Amino acid sequence: MKTLGGAAAIFGLVAAAPAVAETITIGVTPGPHAQILEQVKPIAAEKGLEIKIIEFSDYVVPNQALAAGDIQANSFQHQPYLDNQNADRNYGLVSIAKTVVFPLGIYSKKIKSLDEIKDGDSIAIPNDPTNGGRALLLLESRGLLTLRDGAGLKASPLDIESNPKHLRILELDAAQLPRSLDDTAASAVNTNYAVEAGLDPIKDPIAREAAESPYANIIAVREQDADKPWAKTLVEAYHDQKIKDYINDTYKGAIVVAW
């Protein structure tokens, strides 16, 4: 009877102990993506999910790491970029939630309006297929060039049909674009890298993408993980009202909630 009582007491202690939290690692790019995830962490922890954040300095490695299983999720890219990566590299990654939209801006240290662009000026754009196309579409919408019919979201400089000012389109790594402003007439910079470089995405661009765009950022996971409980918990934590309020209060329209 004593042994039974001892076992029961031990069982009671075990039953009363909190469940061990599951831990996942999420890859992000520095700046707002990382900052927002830091706000998500305590909300997820309350739901039994511990989040570790690892920062990558470019747009290529986070998907490589995710496909290899080195991380469990990433939060840094929009859907067209993921679609392109899957098509090119057969990653088998899927989106489980929309996060935010970072309207692309054209910045300059030398001019205050695109009307001041001169013949032969250089304009830098991201060198990845989707963000490069995004920048070209923005330039086209401002009348600086014309793209061939059907070029779509993956337009490249090869798709330019009309370039009346003979602009030199320079394709650079997205993280390097803020530094290119010393050498170009203007550069198209993704909002996360603009913020990291101290640029104001509301006041500083001389042209800016509309918030209503197909470039909503996402949380990506491996296809086999999409329906796992931790994935559902992660989405619930990210889509919490506290995160929406944080984004609106902190970024004041420079970053737009997409859910």
# chains A, B, ... in the order shown; residues from 1 in each chain; ligands from 1

call {"tool": "select_by_dssp", "arguments": {"residues": "stretch 5-164 of chain A", "states": "alpha helix (DSSP H)", "output": "compact mmCIF listing (two decimals) with N, CA and C atoms, in the first residue's frame"}}
result
# COMPACT_ATOMS: atom_id res chain seq x y z
N GLY A 5 0.93 4.12 -2.77
CA GLY A 5 0.72 5.53 -2.44
C GLY A 5 1.85 6.39 -2.99
N GLY A 6 3.12 5.89 -2.86
CA GLY A 6 4.26 6.64 -3.38
C GLY A 6 4.18 6.81 -4.88
N ALA A 7 3.79 5.73 -5.57
CA ALA A 7 3.66 5.81 -7.03
C ALA A 7 2.58 6.80 -7.42
N ALA A 8 1.47 6.77 -6.66
CA ALA A 8 0.38 7.70 -6.96
C ALA A 8 0.83 9.14 -6.78
N ALA A 9 1.63 9.35 -5.69
CA ALA A 9 2.11 10.71 -5.43
C ALA A 9 3.03 11.18 -6.56
N ILE A 10 3.91 10.26 -6.98
CA ILE A 10 4.82 10.61 -8.07
C ILE A 10 4.03 10.90 -9.34
N PHE A 11 3.01 10.05 -9.63
CA PHE A 11 2.19 10.26 -10.82
C PHE A 11 1.50 11.62 -10.76
N GLY A 12 1.05 11.96 -9.53
CA GLY A 12 0.38 13.25 -9.37
C GLY A 12 1.31 14.41 -9.68
N LEU A 13 2.59 14.27 -9.26
CA LEU A 13 3.56 15.33 -9.55
C LEU A 13 3.82 15.45 -11.04
N VAL A 14 3.93 14.28 -11.70
CA VAL A 14 4.18 14.28 -13.14
C VAL A 14 3.00 14.90 -13.88
N ALA A 15 1.78 14.51 -13.47
CA ALA A 15 0.58 15.01 -14.14
C ALA A 15 0.45 16.52 -13.97
N ALA A 16 0.91 17.03 -12.81
CA ALA A 16 0.76 18.45 -12.53
C ALA A 16 1.82 19.28 -13.23
N PRO A 32 12.53 44.72 -39.93
CA PRO A 32 11.14 44.51 -39.50
C PRO A 32 10.72 43.05 -39.36
N HIS A 33 11.15 42.18 -40.27
CA HIS A 33 10.75 40.77 -40.13
C HIS A 33 11.21 40.22 -38.79
N ALA A 34 12.45 40.50 -38.43
CA ALA A 34 12.97 40.04 -37.14
C ALA A 34 12.26 40.73 -35.98
N GLN A 35 12.02 42.03 -36.12
CA GLN A 35 11.37 42.79 -35.05
C GLN A 35 9.96 42.28 -34.77
N ILE A 36 9.23 42.00 -35.83
CA ILE A 36 7.86 41.50 -35.65
C ILE A 36 7.88 40.13 -35.00
N LEU A 37 8.79 39.25 -35.44
CA LEU A 37 8.87 37.91 -34.83
C LEU A 37 9.20 37.98 -33.35
N GLU A 38 10.00 38.97 -32.94
CA GLU A 38 10.30 39.13 -31.52
C GLU A 38 9.02 39.41 -30.72
N GLN A 39 8.07 40.10 -31.34
CA GLN A 39 6.79 40.36 -30.68
C GLN A 39 5.89 39.12 -30.68
N VAL A 40 6.08 38.28 -31.68
CA VAL A 40 5.29 37.05 -31.77
C VAL A 40 5.75 36.03 -30.72
N LYS A 41 7.03 36.04 -30.39
CA LYS A 41 7.60 35.03 -29.50
C LYS A 41 6.83 34.84 -28.19
N PRO A 42 6.57 35.92 -27.42
CA PRO A 42 5.88 35.69 -26.14
C PRO A 42 4.44 35.20 -26.31
N ILE A 43 3.79 35.61 -27.39
CA ILE A 43 2.43 35.13 -27.64
C ILE A 43 2.45 33.64 -27.95
N ALA A 44 3.41 33.22 -28.77
CA ALA A 44 3.55 31.80 -29.09
C ALA A 44 3.93 30.99 -27.85
N ALA A 45 4.79 31.58 -26.99
CA ALA A 45 5.22 30.88 -25.78
C ALA A 45 4.03 30.58 -24.87
N GLU A 46 3.10 31.50 -24.80
CA GLU A 46 1.89 31.28 -24.00
C GLU A 46 1.07 30.12 -24.54
N VAL A 61 19.59 32.20 -48.89
CA VAL A 61 19.90 31.17 -47.90
C VAL A 61 18.68 30.74 -47.06
N PRO A 62 17.75 31.63 -46.71
CA PRO A 62 16.63 31.18 -45.86
C PRO A 62 15.82 30.03 -46.47
N ASN A 63 15.64 30.02 -47.78
CA ASN A 63 14.90 28.91 -48.39
C ASN A 63 15.77 27.65 -48.50
N GLN A 64 17.06 27.85 -48.74
CA GLN A 64 17.97 26.70 -48.74
C GLN A 64 17.95 26.01 -47.37
N ALA A 65 18.03 26.82 -46.32
CA ALA A 65 18.06 26.28 -44.96
C ALA A 65 16.75 25.58 -44.61
N LEU A 66 15.64 26.16 -45.06
CA LEU A 66 14.34 25.56 -44.78
C LEU A 66 14.18 24.24 -45.52
N ALA A 67 14.53 24.22 -46.79
CA ALA A 67 14.41 22.99 -47.57
C ALA A 67 15.29 21.88 -47.00
N ALA A 68 16.44 22.26 -46.44
CA ALA A 68 17.37 21.29 -45.88
C ALA A 68 16.95 20.82 -44.49
N GLN A 79 4.89 35.85 -51.89
CA GLN A 79 4.48 34.65 -52.60
C GLN A 79 5.12 34.51 -53.99
N PRO A 80 5.19 35.59 -54.81
CA PRO A 80 5.84 35.41 -56.12
C PRO A 80 7.29 34.96 -56.02
N TYR A 81 8.00 35.43 -54.99
CA TYR A 81 9.40 35.00 -54.83
C TYR A 81 9.46 33.52 -54.47
N LEU A 82 8.59 33.08 -53.56
CA LEU A 82 8.57 31.66 -53.20
C LEU A 82 8.20 30.80 -54.41
N ASP A 83 7.22 31.25 -55.18
CA ASP A 83 6.83 30.49 -56.37
C ASP A 83 8.01 30.33 -57.32
N ASN A 84 8.76 31.40 -57.50
CA ASN A 84 9.91 31.35 -58.39
C ASN A 84 10.99 30.42 -57.86
N GLN A 85 11.25 30.46 -56.55
CA GLN A 85 12.26 29.59 -55.94
C GLN A 85 11.86 28.12 -56.07
N ASN A 86 10.59 27.84 -55.83
CA ASN A 86 10.12 26.45 -55.96
C ASN A 86 10.26 25.96 -57.40
N ALA A 87 9.93 26.82 -58.35
CA ALA A 87 10.01 26.42 -59.76
C ALA A 87 11.45 26.18 -60.19
N ASP A 88 12.36 27.02 -59.70
CA ASP A 88 13.76 26.91 -60.11
C ASP A 88 14.52 25.80 -59.39
N ARG A 89 14.14 25.56 -58.11
CA ARG A 89 14.96 24.67 -57.28
C ARG A 89 14.23 23.47 -56.69
N PRO A 129 14.58 37.59 -59.58
CA PRO A 129 13.58 37.73 -60.65
C PRO A 129 12.29 38.44 -60.25
N THR A 130 11.76 38.15 -59.06
CA THR A 130 10.46 38.74 -58.73
C THR A 130 10.58 40.18 -58.27
N ASN A 131 11.54 40.48 -57.41
CA ASN A 131 11.67 41.87 -56.95
C ASN A 131 12.22 42.77 -58.05
N GLY A 132 13.04 42.21 -58.94
CA GLY A 132 13.49 42.98 -60.08
C GLY A 132 12.33 43.35 -60.99
N GLY A 133 11.47 42.38 -61.27
CA GLY A 133 10.28 42.63 -62.06
C GLY A 133 9.36 43.64 -61.40
N ARG A 134 9.26 43.53 -60.10
CA ARG A 134 8.44 44.46 -59.31
C ARG A 134 8.94 45.89 -59.49
N ALA A 135 10.25 46.08 -59.45
CA ALA A 135 10.83 47.41 -59.63
C ALA A 135 10.59 47.93 -61.04
N LEU A 136 10.74 47.06 -62.03
CA LEU A 136 10.51 47.47 -63.42
C LEU A 136 9.05 47.87 -63.65
N LEU A 137 8.14 47.14 -63.03
CA LEU A 137 6.72 47.50 -63.14
C LEU A 137 6.44 48.86 -62.51
N LEU A 138 7.12 49.15 -61.42
CA LEU A 138 6.96 50.46 -60.78
C LEU A 138 7.50 51.57 -61.69
N LEU A 139 8.65 51.34 -62.30
CA LEU A 139 9.22 52.32 -63.23
C LEU A 139 8.31 52.50 -64.45
N GLU A 140 7.72 51.39 -64.90
CA GLU A 140 6.80 51.49 -66.04
C GLU A 140 5.56 52.30 -65.66
N SER A 141 5.07 52.10 -64.43
CA SER A 141 3.88 52.83 -64.00
C SER A 141 4.12 54.33 -63.90

call {"tool": "residues_around", "arguments": {"residues": "A:Ala185", "least_positions_apart": "2", "cutoff": "10 Å", "atoms": "only C-alpha atoms", "output": "PyMOL selection string"}}
result
chain A and resi 107-111+114+116-118+120-124+167-168+180-183+187

call {"tool": "closest_residue", "arguments": {"among": "A:Trp230, A:Tyr91, A:Tyr238, A:Tyr251", "to": "A:Ser75", "atoms": "only C-alpha atoms"}}
result
A:Tyr238

call {"tool": "select_by_dssp", "arguments": {"residues": "stretch 33-256 of chain A", "states": "strand (DSSP E or B)", "output": "PyMOL selection string"}}
result
chain A and resi 49-55+73-78+93-101+105-107+122-126+146-147+160-162+168-172+186-189+207-208+216-222+256

call {"tool": "residues_around", "arguments": {"residues": "A:His239", "least_positions_apart": "5", "cutoff": "10 Å", "atoms": "only C-alpha atoms", "output": "list of chain:residue names"}}
result
A:Val40, A:Ala97, A:Lys98, A:Thr99, A:Thr233, A:Leu234, A:Lys244, A:Val257, A:Ala258, A:Trp259

call {"tool": "closest_residue", "arguments": {"among": "A:Pro205, A:Val100, A:Asn217, A:Arg148", "to": "A:Asn248", "atoms": "only C-alpha atoms"}}
result
A:Val100

call {"tool": "closest_residue", "arguments": {"among": "A:His78, A:Asp173, A:Thr25, A:Gly198", "to": "A:Leu153", "atoms": "only C-alpha atoms"}}
result
A:His78

call {"tool": "residues_around", "arguments": {"residues": "stretch 53-59 of chain A", "least_positions_apart": "5", "cutoff": "7 Å", "atoms": "only C-alpha atoms", "output": "number ranges by chain"}}
result
A: 25-30, 175

call {"tool": "write_last_selection", "arguments": {"atoms": "all heavy atoms", "output": "PDB file, in the first residue's frame"}}
result
ATOM      1  N   THR A  25      12.759  26.839 -35.009  1.00  0.00           N
ATOM      2  CA  THR A  25      13.646  27.920 -35.433  1.00  0.00           C
ATOM      3  C   THR A  25      13.094  28.531 -36.718  1.00  0.00           C
ATOM      4  O   THR A  25      12.749  27.807 -37.655  1.00  0.00           O
ATOM      5  CB  THR A  25      15.073  27.401 -35.686  1.00  0.00           C
ATOM      6  OG1 THR A  25      15.570  26.807 -34.473  1.00  0.00           O
ATOM      7  CG2 THR A  25      15.999  28.541 -36.099  1.00  0.00           C
ATOM      8  N   ILE A  26      13.007  29.857 -36.735  1.00  0.00           N
ATOM      9  CA  ILE A  26      12.460  30.575 -37.879  1.00  0.00           C
ATOM     10  C   ILE A  26      13.530  31.484 -38.459  1.00  0.00           C
ATOM     11  O   ILE A  26      14.170  32.254 -37.736  1.00  0.00           O
ATOM     12  CB  ILE A  26      11.226  31.406 -37.487  1.00  0.00           C
ATOM     13  CG1 ILE A  26      10.147  30.513 -36.869  1.00  0.00           C
ATOM     14  CG2 ILE A  26      10.663  32.148 -38.705  1.00  0.00           C
ATOM     15  CD1 ILE A  26       8.904  31.257 -36.437  1.00  0.00           C
ATOM     16  N   GLY A  27      13.739  31.422 -39.760  1.00  0.00           N
ATOM     17  CA  GLY A  27      14.691  32.286 -40.438  1.00  0.00           C
ATOM     18  C   GLY A  27      14.028  33.573 -40.910  1.00  0.00           C
ATOM     19  O   GLY A  27      12.911  33.553 -41.427  1.00  0.00           O
ATOM     20  N   VAL A  28      14.718  34.685 -40.707  1.00  0.00           N
ATOM     21  CA  VAL A  28      14.215  35.994 -41.131  1.00  0.00           C
ATOM     22  C   VAL A  28      15.364  36.804 -41.711  1.00  0.00           C
ATOM     23  O   VAL A  28      16.534  36.448 -41.551  1.00  0.00           O
ATOM     24  CB  VAL A  28      13.594  36.786 -39.945  1.00  0.00           C
ATOM     25  CG1 VAL A  28      12.400  36.066 -39.367  1.00  0.00           C
ATOM     26  CG2 VAL A  28      14.645  37.031 -38.856  1.00  0.00           C
ATOM     27  N   THR A  29      15.024  37.911 -42.376  1.00  0.00           N
ATOM     28  CA  THR A  29      16.030  38.902 -42.736  1.00  0.00           C
ATOM     29  C   THR A  29      16.044  39.965 -41.647  1.00  0.00           C
ATOM     30  O   THR A  29      15.036  40.162 -40.945  1.00  0.00           O
ATOM     31  CB  THR A  29      15.712  39.533 -44.106  1.00  0.00           C
ATOM     32  OG1 THR A  29      14.323  39.840 -44.180  1.00  0.00           O
ATOM     33  CG2 THR A  29      16.090  38.590 -45.231  1.00  0.00           C
ATOM     34  N   PRO A  30      17.156  40.679 -41.462  1.00  0.00           N
ATOM     35  CA  PRO A  30      17.236  41.685 -40.401  1.00  0.00           C
ATOM     36  C   PRO A  30      16.222  42.810 -40.625  1.00  0.00           C
ATOM     37  O   PRO A  30      15.774  43.064 -41.740  1.00  0.00           O
ATOM     38  CB  PRO A  30      18.673  42.220 -40.537  1.00  0.00           C
ATOM     39  CG  PRO A  30      19.416  41.169 -41.271  1.00  0.00           C
ATOM     40  CD  PRO A  30      18.424  40.540 -42.203  1.00  0.00           C
ATOM     41  N   ALA A 175      20.197  43.573 -50.633  1.00  0.00           N
ATOM     42  CA  ALA A 175      20.788  44.144 -49.424  1.00  0.00           C
ATOM     43  C   ALA A 175      21.773  45.272 -49.731  1.00  0.00           C
ATOM     44  O   ALA A 175      22.064  46.105 -48.855  1.00  0.00           O
ATOM     45  CB  ALA A 175      21.482  43.047 -48.619  1.00  0.00           C
TER      46      ALA A 175
END

call {"tool": "residues_around", "arguments": {"residues": "A:Ala73", "least_positions_apart": "2", "cutoff": "6 Å", "atoms": "only C-alpha atoms", "output": "list in words"}}
result
Ile26, Ile71, Ala220 and Val221 of chain A

call {"tool": "closest_residue", "arguments": {"among": "A:Leu145, A:Ala210, A:Glu196, A:Ile125", "to": "A:Ile169", "atoms": "only C-alpha atoms"}}
result
A:Ile125

call {"tool": "closest_residue", "arguments": {"among": "A:Asp115, A:Lys154, A:Glu50, A:Val195", "to": "A:Thr250", "atoms": "only C-alpha atoms"}}
result
A:Val195

call {"tool": "atom_distance", "arguments": {"atom1": "atom CA of A:Ala197", "atom2": "atom CA of A:Ala174"}}
result
12.0 Å

call {"tool": "decode", "arguments": {"residues": "stretch 44-57 of chain A", "atoms": "all heavy atoms", "output": "PDB file, in the first residue's frame"}}
result
ATOM      1  N   ALA A  44       3.415  33.223 -28.772  1.00  0.00           N
ATOM      2  CA  ALA A  44       3.553  31.800 -29.088  1.00  0.00           C
ATOM      3  C   ALA A  44       3.929  30.993 -27.848  1.00  0.00           C
ATOM      4  O   ALA A  44       3.434  29.874 -27.651  1.00  0.00           O
ATOM      5  CB  ALA A  44       4.603  31.606 -30.177  1.00  0.00           C
ATOM      6  N   ALA A  45       4.788  31.576 -26.992  1.00  0.00           N
ATOM      7  CA  ALA A  45       5.219  30.878 -25.776  1.00  0.00           C
ATOM      8  C   ALA A  45       4.029  30.581 -24.873  1.00  0.00           C
ATOM      9  O   ALA A  45       3.957  29.518 -24.235  1.00  0.00           O
ATOM     10  CB  ALA A  45       6.262  31.705 -25.043  1.00  0.00           C
ATOM     11  N   GLU A  46       3.096  31.501 -24.803  1.00  0.00           N
ATOM     12  CA  GLU A  46       1.888  31.282 -24.003  1.00  0.00           C
ATOM     13  C   GLU A  46       1.065  30.121 -24.540  1.00  0.00           C
ATOM     14  O   GLU A  46       0.286  29.513 -23.808  1.00  0.00           O
ATOM     15  CB  GLU A  46       1.026  32.546 -23.987  1.00  0.00           C
ATOM     16  CG  GLU A  46       1.639  33.704 -23.213  1.00  0.00           C
ATOM     17  CD  GLU A  46       0.811  34.974 -23.307  1.00  0.00           C
ATOM     18  OE1 GLU A  46      -0.252  34.940 -23.991  1.00  0.00           O
ATOM     19  OE2 GLU A  46       1.203  35.991 -22.705  1.00  0.00           O
ATOM     20  N   LYS A  47       1.239  29.814 -25.810  1.00  0.00           N
ATOM     21  CA  LYS A  47       0.502  28.720 -26.446  1.00  0.00           C
ATOM     22  C   LYS A  47       1.325  27.432 -26.486  1.00  0.00           C
ATOM     23  O   LYS A  47       0.942  26.463 -27.137  1.00  0.00           O
ATOM     24  CB  LYS A  47       0.103  29.127 -27.872  1.00  0.00           C
ATOM     25  CG  LYS A  47      -0.804  30.357 -27.939  1.00  0.00           C
ATOM     26  CD  LYS A  47      -1.062  30.749 -29.396  1.00  0.00           C
ATOM     27  CE  LYS A  47      -1.921  32.009 -29.500  1.00  0.00           C
ATOM     28  NZ  LYS A  47      -3.318  31.737 -29.057  1.00  0.00           N
ATOM     29  N   GLY A  48       2.512  27.449 -25.834  1.00  0.00           N
ATOM     30  CA  GLY A  48       3.339  26.257 -25.763  1.00  0.00           C
ATOM     31  C   GLY A  48       4.326  26.085 -26.890  1.00  0.00           C
ATOM     32  O   GLY A  48       4.852  24.989 -27.107  1.00  0.00           O
ATOM     33  N   LEU A  49       4.604  27.180 -27.615  1.00  0.00           N
ATOM     34  CA  LEU A  49       5.556  27.103 -28.733  1.00  0.00           C
ATOM     35  C   LEU A  49       6.686  28.090 -28.515  1.00  0.00           C
ATOM     36  O   LEU A  49       6.470  29.302 -28.483  1.00  0.00           O
ATOM     37  CB  LEU A  49       4.845  27.411 -30.056  1.00  0.00           C
ATOM     38  CG  LEU A  49       5.716  27.352 -31.319  1.00  0.00           C
ATOM     39  CD1 LEU A  49       6.176  25.918 -31.575  1.00  0.00           C
ATOM     40  CD2 LEU A  49       4.957  27.887 -32.536  1.00  0.00           C
ATOM     41  N   GLU A  50       7.899  27.560 -28.361  1.00  0.00           N
ATOM     42  CA  GLU A  50       9.073  28.412 -28.207  1.00  0.00           C
ATOM     43  C   GLU A  50       9.673  28.685 -29.588  1.00  0.00           C
ATOM     44  O   GLU A  50       9.845  27.763 -30.382  1.00  0.00           O
ATOM     45  CB  GLU A  50      10.121  27.739 -27.310  1.00  0.00           C
ATOM     46  CG  GLU A  50       9.666  27.498 -25.878  1.00  0.00           C
ATOM     47  CD  GLU A  50       9.475  28.793 -25.092  1.00  0.00           C
ATOM     48  OE1 GLU A  50      10.116  29.799 -25.477  1.00  0.00           O
ATOM     49  OE2 GLU A  50       8.692  28.796 -24.129  1.00  0.00           O
ATOM     50  N   ILE A  51       9.980  29.937 -29.847  1.00  0.00           N
ATOM     51  CA  ILE A  51      10.525  30.327 -31.144  1.00  0.00           C
ATOM     52  C   ILE A  51      11.958  30.821 -30.994  1.00  0.00           C
ATOM     53  O   ILE A  51      12.237  31.684 -30.158  1.00  0.00           O
ATOM     54  CB  ILE A  51       9.672  31.442 -31.795  1.00  0.00           C
ATOM     55  CG1 ILE A  51       8.277  30.919 -32.150  1.00  0.00           C
ATOM     56  CG2 ILE A  51      10.360  32.002 -33.038  1.00  0.00           C
ATOM     57  CD1 ILE A  51       7.340  31.999 -32.660  1.00  0.00           C
ATOM     58  N   LYS A  52      12.845  30.246 -31.799  1.00  0.00           N
ATOM     59  CA  LYS A  52      14.204  30.779 -31.931  1.00  0.00           C
ATOM     60  C   LYS A  52      14.296  31.475 -33.280  1.00  0.00           C
ATOM     61  O   LYS A  52      13.808  30.952 -34.286  1.00  0.00           O
ATOM     62  CB  LYS A  52      15.239  29.649 -31.853  1.00  0.00           C
ATOM     63  CG  LYS A  52      15.341  28.995 -30.479  1.00  0.00           C
ATOM     64  CD  LYS A  52      16.433  27.932 -30.468  1.00  0.00           C
ATOM     65  CE  LYS A  52      16.566  27.304 -29.089  1.00  0.00           C
ATOM     66  NZ  LYS A  52      17.602  26.244 -29.066  1.00  0.00           N
ATOM     67  N   ILE A  53      14.903  32.649 -33.308  1.00  0.00           N
ATOM     68  CA  ILE A  53      14.994  33.440 -34.520  1.00  0.00           C
ATOM     69  C   ILE A  53      16.439  33.466 -35.003  1.00  0.00           C
ATOM     70  O   ILE A  53      17.354  33.734 -34.224  1.00  0.00           O
ATOM     71  CB  ILE A  53      14.498  34.882 -34.282  1.00  0.00           C
ATOM     72  CG1 ILE A  53      13.026  34.866 -33.837  1.00  0.00           C
ATOM     73  CG2 ILE A  53      14.664  35.734 -35.537  1.00  0.00           C
ATOM     74  CD1 ILE A  53      12.516  36.215 -33.380  1.00  0.00           C
ATOM     75  N   ILE A  54      16.632  33.186 -36.280  1.00  0.00           N
ATOM     76  CA  ILE A  54      17.961  33.282 -36.874  1.00  0.00           C
ATOM     77  C   ILE A  54      17.873  34.232 -38.069  1.00  0.00           C
ATOM     78  O   ILE A  54      16.952  34.138 -38.879  1.00  0.00           O
ATOM     79  CB  ILE A  54      18.494  31.890 -37.298  1.00  0.00           C
ATOM     80  CG1 ILE A  54      19.900  32.011 -37.899  1.00  0.00           C
ATOM     81  CG2 ILE A  54      17.555  31.198 -38.266  1.00  0.00           C
ATOM     82  CD1 ILE A  54      20.590  30.671 -38.103  1.00  0.00           C
ATOM     83  N   GLU A  55      18.808  35.172 -38.150  1.00  0.00           N
ATOM     84  CA  GLU A  55      18.790  36.181 -39.201  1.00  0.00           C
ATOM     85  C   GLU A  55      19.730  35.799 -40.349  1.00  0.00           C
ATOM     86  O   GLU A  55      20.845  35.346 -40.122  1.00  0.00           O
ATOM     87  CB  GLU A  55      19.177  37.552 -38.642  1.00  0.00           C
ATOM     88  CG  GLU A  55      18.187  38.094 -37.631  1.00  0.00           C
ATOM     89  CD  GLU A  55      18.494  39.527 -37.213  1.00  0.00           C
ATOM     90  OE1 GLU A  55      19.433  40.132 -37.771  1.00  0.00           O
ATOM     91  OE2 GLU A  55      17.801  40.048 -36.319  1.00  0.00           O
ATOM     92  N   PHE A  56      19.236  35.994 -41.566  1.00  0.00           N
ATOM     93  CA  PHE A  56      20.029  35.781 -42.777  1.00  0.00           C
ATOM     94  C   PHE A  56      20.165  37.114 -43.494  1.00  0.00           C
ATOM     95  O   PHE A  56      19.223  37.904 -43.536  1.00  0.00           O
ATOM     96  CB  PHE A  56      19.349  34.769 -43.697  1.00  0.00           C
ATOM     97  CG  PHE A  56      19.241  33.385 -43.114  1.00  0.00           C
ATOM     98  CD1 PHE A  56      18.101  32.981 -42.441  1.00  0.00           C
ATOM     99  CD2 PHE A  56      20.284  32.484 -43.260  1.00  0.00           C
ATOM    100  CE1 PHE A  56      17.992  31.708 -41.905  1.00  0.00           C
ATOM    101  CE2 PHE A  56      20.195  31.206 -42.730  1.00  0.00           C
ATOM    102  CZ  PHE A  56      19.048  30.815 -42.048  1.00  0.00           C
ATOM    103  N   SER A  57      21.312  37.349 -44.082  1.00  0.00           N
ATOM    104  CA  SER A  57      21.580  38.662 -44.679  1.00  0.00           C
ATOM    105  C   SER A  57      21.133  38.781 -46.124  1.00  0.00           C
ATOM    106  O   SER A  57      21.271  39.835 -46.732  1.00  0.00           O
ATOM    107  CB  SER A  57      23.083  38.984 -44.593  1.00  0.00           C
ATOM    108  OG  SER A  57      23.838  38.020 -45.314  1.00  0.00           O
TER     109      SER A  57
END
